[in-house]
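Chemist: Input structure: my_file_34.txt, which contains compact mmCIF, C-alpha atoms.
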# COMPACT_ATOMS: atom_id res chain seq x y z
CA MET A 15 209.52 81.22 87.69
CA ASN A 16 209.63 80.79 91.44
CA TYR A 17 207.12 82.30 93.78
CA LEU A 18 209.01 85.42 94.85
CA ASN A 19 209.94 86.31 91.29
CA TYR A 20 206.32 85.88 90.33
CA ILE A 21 205.15 88.22 93.08
CA TRP A 22 207.75 90.78 91.97
CA GLU A 23 206.50 90.45 88.42
CA ILE A 24 202.84 91.14 89.18
CA LEU A 25 203.35 93.72 91.94
CA PRO A 26 203.34 96.86 89.72
CA ALA A 27 200.02 95.83 88.17
CA LEU A 28 198.57 95.04 91.60
CA ALA A 29 199.71 98.46 92.84
CA GLU A 30 197.57 100.06 90.13
CA GLY A 31 194.67 97.95 91.36
CA VAL A 32 195.25 99.07 94.95
CA LYS A 33 195.04 102.68 93.75
CA ILE A 34 191.61 102.09 92.17
CA THR A 35 190.44 100.19 95.25
CA MET A 36 191.46 103.10 97.49
CA ILE A 37 189.82 105.69 95.25
CA MET A 38 186.66 103.62 95.12
CA THR A 39 186.55 103.15 98.90
CA ALA A 40 187.36 106.77 99.76
CA THR A 41 184.90 108.34 97.31
CA SER A 42 182.02 106.05 98.11
CA MET A 43 182.55 106.37 101.86
CA GLY A 44 182.61 110.16 101.62
CA LEU A 45 179.33 110.13 99.70
CA ALA A 46 177.87 107.52 102.04
CA ALA A 47 178.66 109.59 105.13
CA VAL A 48 176.77 112.59 103.73
CA LEU A 49 173.87 110.39 102.63
CA ALA A 50 173.78 108.74 106.05
CA VAL A 51 173.38 112.08 107.86
CA PHE A 52 170.38 112.97 105.71
CA LEU A 53 168.83 109.50 105.99
CA ALA A 54 169.27 109.35 109.76
CA LEU A 55 167.90 112.83 110.36
CA GLY A 56 165.09 112.19 107.87
CA LYS A 57 164.13 108.95 109.57
CA MET A 58 164.18 110.51 113.04
CA TYR A 59 162.87 114.04 112.63
CA GLY A 60 161.40 114.31 109.12
CA PRO A 61 157.71 114.73 108.27
CA LYS A 62 155.82 111.48 107.82
CA PRO A 63 156.43 110.87 104.08
CA VAL A 64 160.16 111.60 104.49
CA LYS A 65 160.30 109.29 107.49
CA ALA A 66 158.59 106.51 105.54
CA PHE A 67 160.86 107.00 102.56
CA CYS A 68 164.05 106.92 104.64
CA SER A 69 162.94 103.80 106.52
CA PHE A 70 162.03 102.10 103.25
CA TYR A 71 165.35 103.04 101.67
CA ILE A 72 167.36 101.74 104.62
CA GLU A 73 165.37 98.51 104.78
CA LEU A 74 165.74 97.97 101.04
CA PHE A 75 169.48 98.48 100.86
CA ARG A 76 170.20 96.53 104.02
CA GLY A 77 167.94 93.67 103.06
CA THR A 78 169.32 92.86 99.62
CA PRO A 79 172.78 91.69 98.55
CA LEU A 80 175.22 94.39 97.50
CA LEU A 81 176.12 92.38 94.42
CA VAL A 82 172.52 92.38 93.22
CA GLN A 83 172.39 96.14 93.82
CA LEU A 84 175.51 96.60 91.71
CA PHE A 85 174.02 94.44 88.96
CA ILE A 86 170.82 96.49 88.96
CA ILE A 87 172.81 99.72 88.71
CA TYR A 88 175.22 98.49 86.06
CA PHE A 89 173.17 96.05 83.97
CA GLY A 90 169.62 97.07 84.83
CA LEU A 91 169.65 100.85 84.64
CA PRO A 92 170.75 100.99 80.96
CA GLU A 93 167.34 99.47 80.23
CA VAL A 94 165.76 102.74 81.35
CA GLY A 95 168.41 104.84 79.62
CA ILE A 96 170.94 105.43 82.42
CA ASN A 97 174.40 104.28 81.36
CA LEU A 98 177.13 104.48 83.97
CA PRO A 99 180.76 103.45 83.41
CA SER A 100 181.72 100.57 85.68
CA LEU A 101 183.87 102.56 88.12
CA ILE A 102 181.12 105.16 88.63
CA ALA A 103 178.47 102.45 88.92
CA ALA A 104 180.56 100.73 91.59
CA ILE A 105 181.10 103.95 93.55
CA VAL A 106 177.40 104.82 93.38
CA GLY A 107 176.46 101.30 94.47
CA PHE A 108 178.82 101.24 97.44
CA ALA A 109 177.78 104.74 98.49
CA LEU A 110 174.04 103.96 98.34
CA ASN A 111 174.55 100.68 100.20
CA SER A 112 176.90 101.90 102.88
CA GLY A 113 174.81 105.04 103.39
CA ALA A 114 171.93 102.81 104.53
CA TYR A 115 174.08 100.94 107.07
CA GLN A 116 175.76 104.09 108.36
CA ALA A 117 172.40 105.84 108.73
CA GLU A 118 171.37 103.17 111.24
CA TYR A 119 174.63 103.51 113.20
CA LEU A 120 174.25 107.27 113.21
CA ARG A 121 170.65 106.99 114.37
CA GLY A 122 171.83 104.86 117.26
CA ALA A 123 174.47 107.43 118.12
CA ILE A 124 172.00 110.33 117.96
CA GLN A 125 169.57 108.44 120.18
CA SER A 126 172.33 107.84 122.70
CA ILE A 127 172.58 111.59 123.24
CA LYS A 128 170.07 112.76 125.78
CA GLU A 129 166.93 114.30 124.29
CA GLY A 130 167.21 117.13 126.79
CA GLN A 131 170.16 118.56 124.90
CA LEU A 132 168.11 119.16 121.77
CA GLU A 133 165.24 120.58 123.82
CA ALA A 134 167.63 122.87 125.70
CA ALA A 135 169.21 124.09 122.47
CA ARG A 136 165.80 124.75 120.93
CA SER A 137 164.55 126.54 124.03
CA VAL A 138 167.47 128.97 124.07
CA GLY A 139 166.33 129.99 120.60
CA MET A 140 168.55 127.96 118.30
CA SER A 141 166.95 126.75 115.10
CA PHE A 142 166.59 122.99 114.62
CA PHE A 143 169.42 122.91 112.08
CA ALA A 144 171.74 125.04 114.18
CA SER A 145 171.23 122.83 117.23
CA MET A 146 171.77 119.72 115.13
CA ARG A 147 174.89 121.11 113.52
CA THR A 148 176.50 122.56 116.62
CA ILE A 149 175.19 120.43 119.49
CA ILE A 150 173.97 116.99 118.48
CA LEU A 151 176.01 116.02 115.41
CA PRO A 152 179.46 116.87 116.82
CA GLN A 153 178.79 114.41 119.63
CA ALA A 154 176.94 111.82 117.56
CA LEU A 155 179.59 111.77 114.84
CA ARG A 156 182.31 111.14 117.43
CA ARG A 157 180.36 108.27 118.91
CA VAL A 158 179.71 106.75 115.53
CA ILE A 159 183.41 106.50 114.60
CA PRO A 160 183.88 102.87 115.79
CA SER A 161 180.91 101.49 113.86
CA TRP A 162 181.67 103.81 110.96
CA SER A 163 185.19 102.42 110.72
CA ASN A 164 183.78 98.90 110.76
CA ASP A 165 181.67 99.84 107.80
CA VAL A 166 184.60 101.39 105.94
CA ILE A 167 186.56 98.18 106.41
CA TYR A 168 183.51 96.24 105.27
CA THR A 169 183.30 98.38 102.14
CA LEU A 170 187.05 98.19 101.53
CA LYS A 171 186.73 94.41 101.49
CA TYR A 172 183.56 94.51 99.49
CA THR A 173 185.04 96.62 96.69
CA SER A 174 186.48 93.26 95.63
CA VAL A 175 183.12 92.33 94.10
CA ALA A 176 183.34 95.31 91.74
CA PHE A 177 185.33 93.20 89.31
CA MET A 178 182.06 91.48 88.44
CA ILE A 179 180.86 94.68 86.80
CA GLY A 180 184.25 95.29 85.21
CA ALA A 181 185.90 97.85 87.51
CA GLN A 182 189.68 97.51 87.38
CA GLU A 183 190.39 97.28 91.10
CA LEU A 184 192.75 95.01 93.03
CA THR A 185 190.80 91.75 92.70
CA SER A 186 190.13 92.39 89.06
CA VAL A 187 193.83 92.95 88.35
CA GLY A 188 194.61 89.83 90.37
CA LYS A 189 192.18 87.85 88.26
CA ILE A 190 193.73 89.12 85.04
CA MET A 191 197.25 88.28 86.25
CA ALA A 192 196.17 84.86 87.47
CA GLY A 193 194.69 84.13 84.07
CA ARG A 194 197.74 85.40 82.20
CA TYR A 195 200.27 83.31 84.16
CA PHE A 196 197.79 80.56 85.01
CA ARG A 197 198.66 80.78 88.71
CA PHE A 198 195.35 81.25 90.49
CA ALA A 199 196.04 80.15 94.05
CA ASP A 200 199.43 81.96 94.17
CA THR A 201 197.94 85.20 92.93
CA PHE A 202 194.96 85.28 95.25
CA ILE A 203 197.15 84.60 98.27
CA VAL A 204 199.18 87.71 97.38
CA VAL A 205 196.02 89.71 96.75
CA GLY A 206 194.62 88.49 100.09
CA ALA A 207 197.81 89.57 101.87
CA ILE A 208 197.48 93.04 100.35
CA TYR A 209 193.90 93.29 101.64
CA LEU A 210 195.08 92.23 105.10
CA ILE A 211 197.71 94.99 105.07
CA LEU A 212 195.17 97.60 103.91
CA VAL A 213 192.68 96.57 106.59
CA TYR A 214 195.39 96.62 109.26
CA ILE A 215 196.67 100.08 108.28
CA PHE A 216 193.17 101.46 108.19
CA SER A 217 192.00 100.05 111.51
CA THR A 218 195.09 101.28 113.37
CA SER A 219 194.77 104.77 111.89
CA VAL A 220 191.10 104.97 112.86
CA ASP A 221 192.02 104.12 116.43
CA LYS A 222 194.44 107.06 116.34
CA LEU A 223 191.76 109.35 114.89
CA GLU A 224 189.33 108.30 117.59
CA ARG A 225 191.83 109.11 120.32
CA LYS A 226 192.66 112.42 118.72
CA LEU A 227 189.03 113.58 118.47
CA ARG A 228 188.13 112.45 121.98
CA ILE A 229 186.87 115.16 124.32
CA PRO A 230 187.88 114.25 127.89
CA GLY A 231 184.83 113.71 130.06
CA PHE A 232 182.52 113.20 127.07
CA GLU A 233 183.24 109.55 126.44
CA MET A 234 180.42 107.18 125.70
CA ARG A 235 179.19 105.69 128.95
CA ASP A 236 177.42 102.39 128.92
CA MET B 18 151.06 98.24 81.25
CA GLU B 19 151.50 95.62 78.57
CA ALA B 20 155.26 95.74 79.06
CA ILE B 21 154.84 94.92 82.73
CA ALA B 22 152.44 92.07 81.94
CA ASN B 23 154.98 90.72 79.45
CA GLN B 24 157.72 90.83 82.03
CA LEU B 25 155.53 89.03 84.55
CA THR B 26 154.73 86.21 82.12
CA LEU B 27 158.41 85.95 81.36
CA LEU B 28 159.14 85.64 85.06
CA TRP B 29 156.40 83.07 85.47
CA ASP B 30 157.78 80.99 82.58
CA ASN B 31 161.23 81.11 84.10
CA SER B 32 160.21 80.56 87.70
CA PRO B 33 161.26 76.87 87.81
CA ALA B 34 164.85 77.93 87.10
CA LEU B 35 164.71 80.61 89.76
CA LEU B 36 163.26 78.17 92.26
CA LYS B 37 166.02 75.70 91.54
CA GLY B 38 168.52 78.49 92.14
CA LEU B 39 166.74 79.44 95.35
CA GLU B 40 167.06 75.86 96.56
CA VAL B 41 170.84 75.93 96.03
CA THR B 42 171.07 79.35 97.70
CA LEU B 43 169.19 78.12 100.77
CA GLU B 44 171.20 74.91 100.92
CA LEU B 45 174.45 76.85 100.74
CA GLY B 46 173.19 79.45 103.20
CA PHE B 47 172.09 76.95 105.84
CA SER B 48 175.12 74.71 105.55
CA PHE B 49 177.70 77.48 105.74
CA PHE B 50 175.84 79.14 108.57
CA ALA B 51 175.67 75.88 110.53
CA LEU B 52 179.33 75.12 109.86
CA GLY B 53 180.40 78.59 110.97
CA PHE B 54 178.24 78.41 114.08
CA VAL B 55 179.64 75.09 115.29
CA VAL B 56 183.26 75.97 114.49
CA ALA B 57 182.83 79.32 116.25
CA ILE B 58 181.65 77.66 119.48
CA PHE B 59 184.90 75.73 119.77
CA ILE B 60 187.06 78.64 118.70
CA ALA B 61 185.43 81.03 121.13
CA LEU B 62 185.75 78.60 124.05
CA GLY B 63 189.35 77.95 122.98
CA ILE B 64 190.19 81.64 122.92
CA VAL B 65 188.74 82.35 126.35
CA TYR B 66 189.54 79.15 128.24
CA GLY B 67 192.28 77.48 126.21
CA PRO B 68 196.01 77.57 126.91
CA ARG B 69 197.79 80.66 125.65
CA TYR B 70 199.21 79.22 122.41
CA LEU B 71 195.76 77.92 121.41
CA SER B 72 194.18 81.19 122.33
CA SER B 73 196.49 83.27 120.14
CA LEU B 74 196.29 80.75 117.29
CA PHE B 75 192.49 80.95 117.30
CA SER B 76 192.50 84.75 117.59
CA GLY B 77 194.76 84.90 114.56
CA PHE B 78 192.44 82.58 112.66
CA SER B 79 189.44 84.71 113.50
CA TRP B 80 191.25 87.93 112.53
CA ILE B 81 192.42 86.63 109.16
CA PHE B 82 189.02 85.30 108.19
CA ARG B 83 187.39 88.55 109.24
CA SER B 84 189.88 90.71 107.36
CA LEU B 85 189.90 88.94 103.99
CA PRO B 86 187.23 89.83 101.42
CA ALA B 87 184.73 87.01 100.91
CA ILE B 88 185.54 86.82 97.24
CA ILE B 89 189.27 86.30 97.87
CA LEU B 90 188.45 83.52 100.33
CA LEU B 91 186.21 81.91 97.72
CA PHE B 92 189.01 82.05 95.15
CA ILE B 93 191.61 80.70 97.60
CA PHE B 94 189.36 77.82 98.65
CA TYR B 95 188.42 77.05 95.08
CA TYR B 96 191.82 77.30 93.39
CA GLY B 97 194.07 76.53 96.38
CA PRO B 98 193.26 72.88 97.19
CA SER B 99 193.73 71.78 93.57
CA LYS B 100 197.39 72.83 93.91
CA ILE B 101 197.94 70.06 96.43
CA GLY B 102 195.78 67.60 94.52
CA ILE B 103 192.44 67.99 96.28
CA ASN B 104 189.57 68.98 94.05
CA LEU B 105 186.68 70.63 95.84
CA SER B 106 183.41 71.12 94.03
CA PRO B 107 182.35 74.78 93.79
CA PHE B 108 179.60 74.16 96.33
CA TRP B 109 181.98 72.70 98.92
CA ALA B 110 184.59 75.38 98.31
CA ALA B 111 181.93 78.05 98.80
CA MET B 112 180.58 76.36 101.91
CA LEU B 113 184.03 76.11 103.52
CA ALA B 114 185.12 79.63 102.55
CA LEU B 115 181.90 81.33 103.69
CA GLY B 116 181.50 79.01 106.67
CA LEU B 117 184.95 79.66 108.10
CA ARG B 118 184.57 83.37 107.42
CA HIS B 119 181.28 83.30 109.28
CA ALA B 120 183.02 81.44 112.11
CA GLY B 121 185.54 84.29 112.30
CA TYR B 122 182.79 86.84 112.91
CA GLN B 123 180.62 84.64 115.10
CA THR B 124 183.61 83.90 117.37
CA HIS B 125 183.70 87.57 118.18
CA TYR B 126 180.08 87.61 119.35
CA PHE B 127 180.45 84.40 121.34
CA ARG B 128 183.53 85.76 123.04
CA GLY B 129 181.69 88.93 123.98
CA ALA B 130 178.85 86.81 125.37
CA ILE B 131 181.21 84.61 127.39
CA GLN B 132 182.92 87.62 128.89
CA SER B 133 179.59 89.02 130.01
CA ILE B 134 178.85 85.83 131.98
CA GLY B 135 181.40 86.43 134.68
CA THR B 136 184.19 84.12 135.80
CA GLY B 137 182.64 83.19 139.12
CA GLN B 138 180.21 80.74 137.53
CA LEU B 139 182.94 78.65 135.96
CA GLU B 140 184.89 78.60 139.23
CA ALA B 141 181.76 77.57 141.11
CA ALA B 142 181.04 74.76 138.67
CA ARG B 143 184.63 73.52 138.84
CA SER B 144 184.67 73.62 142.61
CA LEU B 145 181.50 71.51 142.69
CA GLY B 146 183.51 68.85 140.86
CA LEU B 147 182.38 69.32 137.26
CA SER B 148 185.13 68.66 134.75
CA LEU B 149 186.18 71.62 132.59
CA PRO B 150 184.42 70.35 129.41
CA ARG B 151 181.23 69.62 131.37
CA ALA B 152 181.33 73.00 133.08
CA LEU B 153 181.81 74.70 129.73
CA PHE B 154 179.06 72.81 127.94
CA GLU B 155 176.51 72.73 130.72
CA VAL B 156 177.03 76.07 132.45
CA ILE B 157 178.74 78.48 130.07
CA LEU B 158 177.45 77.35 126.66
CA PRO B 159 173.70 77.60 127.30
CA GLN B 160 174.12 81.18 128.48
CA MET B 161 176.59 82.09 125.75
CA LEU B 162 174.22 80.93 123.01
CA ARG B 163 171.35 82.90 124.51
CA PHE B 164 173.32 86.09 125.04
CA SER B 165 174.73 86.06 121.53
CA LEU B 166 171.37 85.66 119.79
CA PRO B 167 170.78 89.34 118.92
CA ALA B 168 174.28 89.68 117.45
CA SER B 169 173.87 86.37 115.63
CA ALA B 170 170.66 87.61 114.05
CA ASN B 171 172.47 90.66 112.82
CA GLU B 172 175.31 88.55 111.52
CA TYR B 173 172.85 86.27 109.75
CA ALA B 174 171.32 89.25 107.96
CA ILE B 175 174.76 90.30 106.75
CA THR B 176 176.26 86.95 105.80
CA ILE B 177 173.28 85.23 104.21
CA LYS B 178 173.47 87.76 101.40
CA ASP B 179 177.05 86.71 100.69
CA THR B 180 175.81 83.46 99.16
CA SER B 181 175.27 85.64 96.08
CA LEU B 182 179.07 85.79 95.68
CA ALA B 183 179.34 82.03 95.23
CA PHE B 184 178.34 82.21 91.59
CA SER B 185 181.78 83.70 90.85
CA ILE B 186 183.34 80.27 91.40
CA GLY B 187 180.60 78.47 89.53
CA VAL B 188 177.91 77.62 92.06
CA VAL B 189 174.64 77.81 90.16
CA GLU B 190 172.60 79.57 92.81
CA ILE B 191 169.75 81.98 92.29
CA LEU B 192 171.86 84.85 90.95
CA GLN B 193 173.51 82.63 88.36
CA GLN B 194 170.12 81.20 87.33
CA GLY B 195 169.06 84.81 86.95
CA ASN B 196 172.08 85.49 84.74
CA TYR B 197 171.09 82.55 82.53
CA ILE B 198 167.59 83.95 82.16
CA ILE B 199 168.99 87.39 81.34
CA ALA B 200 171.29 85.90 78.72
CA ARG B 201 168.24 84.40 77.01
CA GLU B 202 165.67 87.14 77.40
CA TYR B 203 167.72 90.27 78.02
CA ASN B 204 165.66 91.70 80.86
CA PRO B 205 168.22 92.44 83.59
CA LEU B 206 166.12 94.98 85.48
CA THR B 207 163.16 92.66 86.05
CA VAL B 208 165.21 89.62 86.94
CA TYR B 209 167.62 91.36 89.31
CA ILE B 210 164.82 93.21 91.09
CA THR B 211 162.96 89.92 91.52
CA ILE B 212 166.09 88.32 92.97
CA ALA B 213 166.57 91.31 95.27
CA ILE B 214 163.02 90.83 96.57
CA ILE B 215 163.60 87.11 97.13
CA TYR B 216 166.78 87.87 99.08
CA TRP B 217 164.93 90.44 101.11
CA ILE B 218 162.35 87.82 102.06
CA ILE B 219 165.06 85.32 103.04
CA THR B 220 166.78 87.95 105.18
CA ARG B 221 163.54 89.05 106.84
CA ALA B 222 162.36 85.51 107.50
CA GLY B 223 165.70 84.68 109.10
CA THR B 224 165.79 87.66 111.42
CA ARG B 225 162.19 86.92 112.44
CA PHE B 226 163.22 83.36 113.23
CA PHE B 227 166.06 84.61 115.44
CA ALA B 228 163.67 86.95 117.22
CA TYR B 229 161.42 83.95 117.85
CA LEU B 230 164.36 81.93 119.22
CA GLU B 231 165.30 84.77 121.51
CA ASP B 232 161.76 84.91 122.82
CA ARG B 233 161.39 81.15 123.10
CA TYR B 234 164.62 80.51 124.99
CA MET B 235 164.65 83.55 127.20
CA ILE B 236 164.93 82.66 130.88
CA PRO B 237 163.14 85.30 132.92
CA GLY B 238 165.52 86.93 135.35
CA PHE B 239 168.56 85.86 133.38
CA GLU B 240 168.61 88.67 130.87
CA LEU B 241 171.89 90.30 130.09
CA GLU B 242 172.43 93.20 132.46
CA ARG B 243 173.68 96.40 130.90
How would this structure read if it were set down as structure tokens?
Modeler:
Amino acid sequence: MNYLNYIWEILPALAEGVKITMIMTATSMGLAAVLAVFLALGKMYGPKPVKAFCSFYIELFRGTPLLVQLFIIYFGLPEVGINLPSLIAAIVGFALNSGAYQAEYLRGAIQSIKEGQLEAARSVGMSFFASMRTIILPQALRRVIPSWSNDVIYTLKYTSVAFMIGAQELTSVGKIMAGRYFRFADTFIVVGAIYLILVYIFSTSVDKLERKLRIPGFEMRD
Amino acid sequence: MEAIANQLTLLWDNSPALLKGLEVTLELGFSFFALGFVVAIFIALGIVYGPRYLSSLFSGFSWIFRSLPAIILLFIFYYGPSKIGINLSPFWAAMLALGLRHAGYQTHYFRGAIQSIGTGQLEAARSLGLSLPRALFEVILPQMLRFSLPASANEYAITIKDTSLAFSIGVVEILQQGNYIIAREYNPLTVYITIAIIYWIITRAGTRFFAYLEDRYMIPGFELER
């Protein structure tokens, strides 16, 4: 079987894998974004114990390998009675991990907005949450898009380690196909090309999103 | 309480294996980091100062290695060379794959640092009669390395943890040693948490070292202006 025929042969299976990869990335990034908002706000404005907890959480998840985190969630937690199927375990792992990174980006973005804005909002009688929701976060979230998109791409690439806990995503399917036809190098070059295409599509569409959400005159100045 | 004591004795009994794994992890970590660092210096200088074809070739290299998942690179470097008759050991395959990937990222930081230096300095050095390589290595490089230290520290913290992926192609580093222990004793939670703590220490120690370097090699008055 020549190379092109081989690619044609395994493409349908790989397409299934791409679907799982996309689902995994999208779900975990959605969860991570929400988590990141709470972690960042908790670390910056929370009472002392909350502050300490958020800092500890961020330090912990940024300081240890994602793969070890996945192993703890998938192989370790059953020891204390929590059994998660591999896809869910992977999504939870990516969300918890990426949430920690994104919280730090978001914190940077919030700090880049002048403190006076929050004080002004509070002094005209807005509650803390209202001023966060309507004044600070709309600006901070726009500024965080570039680093956020970096992290999404990072996670998209990193979903490839989920095969080690048995999730059936793109790399996992590639591995199965490679084993079935005994063509390892060929298969992983195709799988690599698919990742390149996914990363390219994503990074160009984020650029578009960023342009679309831009408010003229409110660009980041540095 | 007794359960915890049991786990600790288990860990103690198995610590030689973990230490052996740690040694491999550190060896792999240092060698791929060094490889990536040196390759990135040349690629970054090539992108900024090289002729156009070299510049676009190197940019393409950097983009591909940044866009591919580490695990795919490991597989390609492990299974690929054997197709053309070269057999790389898992350790070497891992070192090359992670090292070149690291070079792809590091290039980006070096390039940013070079661009912050300003073109006038190179022109001045050239007009004083320094050859291009000498101007690059004696004027640009020392500043580039200094300016890129904070980003390099960050990059270290991210990439050093990727050594944990190398076990997937058969490098017996700390995570794989941990898997062996788990296969014998069935105590995944304890072992993986211990490994996580060890990784955390490696990461912390490294970023502290970079902070020290930054402090040690700072030239007063030559800080990056923002």
Chemist: Fewer than 3 positions away in the same chain doesn't count, so skip those; otherwise give me all residues within 12 Å of Ala111 of chain B, counting all atoms listed in the file, as an MDAnalysis selection string.
Modeler: chainID B and resid 41:42 44:46 48:50 52 87:96 105:108 114:119 179:190
Chemist: Nearest to Val220 of chain A among A:Val166, A:Val187, A:Met178, A:Leu74, with distances taken over only C-alpha atoms: which residue is it?
Modeler: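 Smallest distance to Val220 of chain A is found for A:Val166.
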Chemist: Pick the closest to Leu210 of chain A from A:Ala40, A:Val158, A:Leu25, A:Leu170: which is it, counting all atoms listed in the file?
Modeler: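 Closest candidate: A:Leu170.
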Chemist: With 6 Å as the limit and counting all atoms listed in the file, what residues in chain A lie close to chain B? Please list them as an NGL selection string.
Modeler: :A and (77-79 or 90 or 171 or 199 or 210)
Chemist: Residues as selected, C-alpha atoms, written as a compact mmCIF listing (two decimals), in the coordinates of the input, can you do that?
Modeler:
# COMPACT_ATOMS: atom_id res chain seq x y z
CA GLY A 77 167.94 93.67 103.06
CA THR A 78 169.32 92.86 99.62
CA PRO A 79 172.78 91.69 98.55
CA GLY A 90 169.62 97.07 84.83
CA LYS A 171 186.73 94.41 101.49
CA ALA A 199 196.04 80.15 94.05
CA LEU A 210 195.08 92.23 105.10
Chemist: Excluding same-chain residues fewer than 3 positions from Val65 of chain B, what lies within 8 Å of it counting all atoms listed in the file, as a VMD selection string?
Modeler: chain B and resid 61 to 62 72 128 131
Chemist: Which value, in Å to one decimal, gives the distance between atom CA of Ala27 of chain A and atom CA of Tyr172 of chain A?
Modeler: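 Answer for the atom CA of Ala27 of chain A to atom CA of Tyr172 of chain A separation: 20.0 Å.
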Chemist: Counting all atoms listed in the file, figure out which residue out of A:Tyr59, A:Tyr88, A:Phe108, A:Tyr195 gets nearest to Thr169 of chain A.
Modeler: A:Phe108
Chemist: Put the listed atoms of segment 54-59 of chain A in a box along x, y and z with 5 Å added on every side and give me the centre and edge lengths in Å to one decimal, as JSON.
Modeler:
{"center_x": 166.1, "center_y": 111.5, "center_z": 110.5, "size_x": 16.4, "size_y": 15.1, "size_z": 15.2}
Chemist: With only C-alpha atoms as the basis for distance, which of A:Glu133, A:Asp200, A:Glu23, A:Asp221 is at the shortest distance from Asn164 of chain A?
Modeler: A:Asp221
Chemist: For Ser217 of chain A, which residue out of A:Trp162, A:Ala176, A:Ala123, A:Leu98 is the nearest one, using only C-alpha atoms?
Modeler: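 The shortest atom-to-atom distance to Ser217 of chain A comes from A:Trp162.
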Chemist: Pick out the closest residue to Met43 of chain A from this set: A:Asn19, A:Gln116, A:Phe142, A:Pro99. Count only C-alpha atoms.
Modeler: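 Smallest distance to Met43 of chain A is found for A:Gln116.
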Chemist: Atom CA of Glu183 of chain A and atom CA of Met36 of chain A, how far apart in Å?
Modeler: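 Atom CA of Glu183 of chain A lies at a distance of 8.7 Å from atom CA of Met36 of chain A.
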Chemist: So how many Å separate atom CA of Tyr173 of chain B and atom CA of Phe54 of chain B, to one decimal?
Modeler: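 Spanning atom CA of Tyr173 of chain B to atom CA of Phe54 of chain B is a straight-line distance of 10.5 Å.
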Chemist: Please return segment 106-118 of chain B, rebuilt to N, CA and C atoms, as a PDB file, in the frame of the given file.
Modeler:
ATOM      1  N   SER B 106     184.447  70.613  94.930  1.00  0.00           N
ATOM      2  CA  SER B 106     183.410  71.120  94.030  1.00  0.00           C
ATOM      3  C   SER B 106     183.138  72.574  94.412  1.00  0.00           C
ATOM      4  N   PRO B 107     182.625  73.374  93.462  1.00  0.00           N
ATOM      5  CA  PRO B 107     182.350  74.780  93.790  1.00  0.00           C
ATOM      6  C   PRO B 107     181.490  74.923  95.034  1.00  0.00           C
ATOM      7  N   PHE B 108     180.493  74.045  95.178  1.00  0.00           N
ATOM      8  CA  PHE B 108     179.600  74.160  96.330  1.00  0.00           C
ATOM      9  C   PHE B 108     180.361  73.993  97.633  1.00  0.00           C
ATOM     10  N   TRP B 109     181.223  72.955  97.686  1.00  0.00           N
ATOM     11  CA  TRP B 109     181.980  72.700  98.920  1.00  0.00           C
ATOM     12  C   TRP B 109     182.981  73.804  99.191  1.00  0.00           C
ATOM     13  N   ALA B 110     183.634  74.285  98.124  1.00  0.00           N
ATOM     14  CA  ALA B 110     184.590  75.380  98.310  1.00  0.00           C
ATOM     15  C   ALA B 110     183.867  76.598  98.883  1.00  0.00           C
ATOM     16  N   ALA B 111     182.691  76.897  98.331  1.00  0.00           N
ATOM     17  CA  ALA B 111     181.930  78.050  98.800  1.00  0.00           C
ATOM     18  C   ALA B 111     181.495  77.862 100.247  1.00  0.00           C
ATOM     19  N   MET B 112     181.055  76.615 100.560  1.00  0.00           N
ATOM     20  CA  MET B 112     180.580  76.360 101.910  1.00  0.00           C
ATOM     21  C   MET B 112     181.716  76.521 102.922  1.00  0.00           C
ATOM     22  N   LEU B 113     182.896  75.992 102.601  1.00  0.00           N
ATOM     23  CA  LEU B 113     184.030  76.110 103.520  1.00  0.00           C
ATOM     24  C   LEU B 113     184.474  77.559 103.662  1.00  0.00           C
ATOM     25  N   ALA B 114     184.624  78.248 102.509  1.00  0.00           N
ATOM     26  CA  ALA B 114     185.120  79.630 102.550  1.00  0.00           C
ATOM     27  C   ALA B 114     184.170  80.504 103.351  1.00  0.00           C
ATOM     28  N   LEU B 115     182.879  80.470 103.006  1.00  0.00           N
ATOM     29  CA  LEU B 115     181.900  81.330 103.690  1.00  0.00           C
ATOM     30  C   LEU B 115     181.686  80.871 105.127  1.00  0.00           C
ATOM     31  N   GLY B 116     181.728  79.548 105.329  1.00  0.00           N
ATOM     32  CA  GLY B 116     181.500  79.010 106.670  1.00  0.00           C
ATOM     33  C   GLY B 116     182.593  79.424 107.635  1.00  0.00           C
ATOM     34  N   LEU B 117     183.863  79.295 107.212  1.00  0.00           N
ATOM     35  CA  LEU B 117     184.950  79.660 108.100  1.00  0.00           C
ATOM     36  C   LEU B 117     184.986  81.174 108.318  1.00  0.00           C
ATOM     37  N   ARG B 118     184.626  81.914 107.279  1.00  0.00           N
ATOM     38  CA  ARG B 118     184.570  83.370 107.420  1.00  0.00           C
ATOM     39  C   ARG B 118     183.498  83.727 108.450  1.00  0.00           C
TER      40      ARG B 118
END
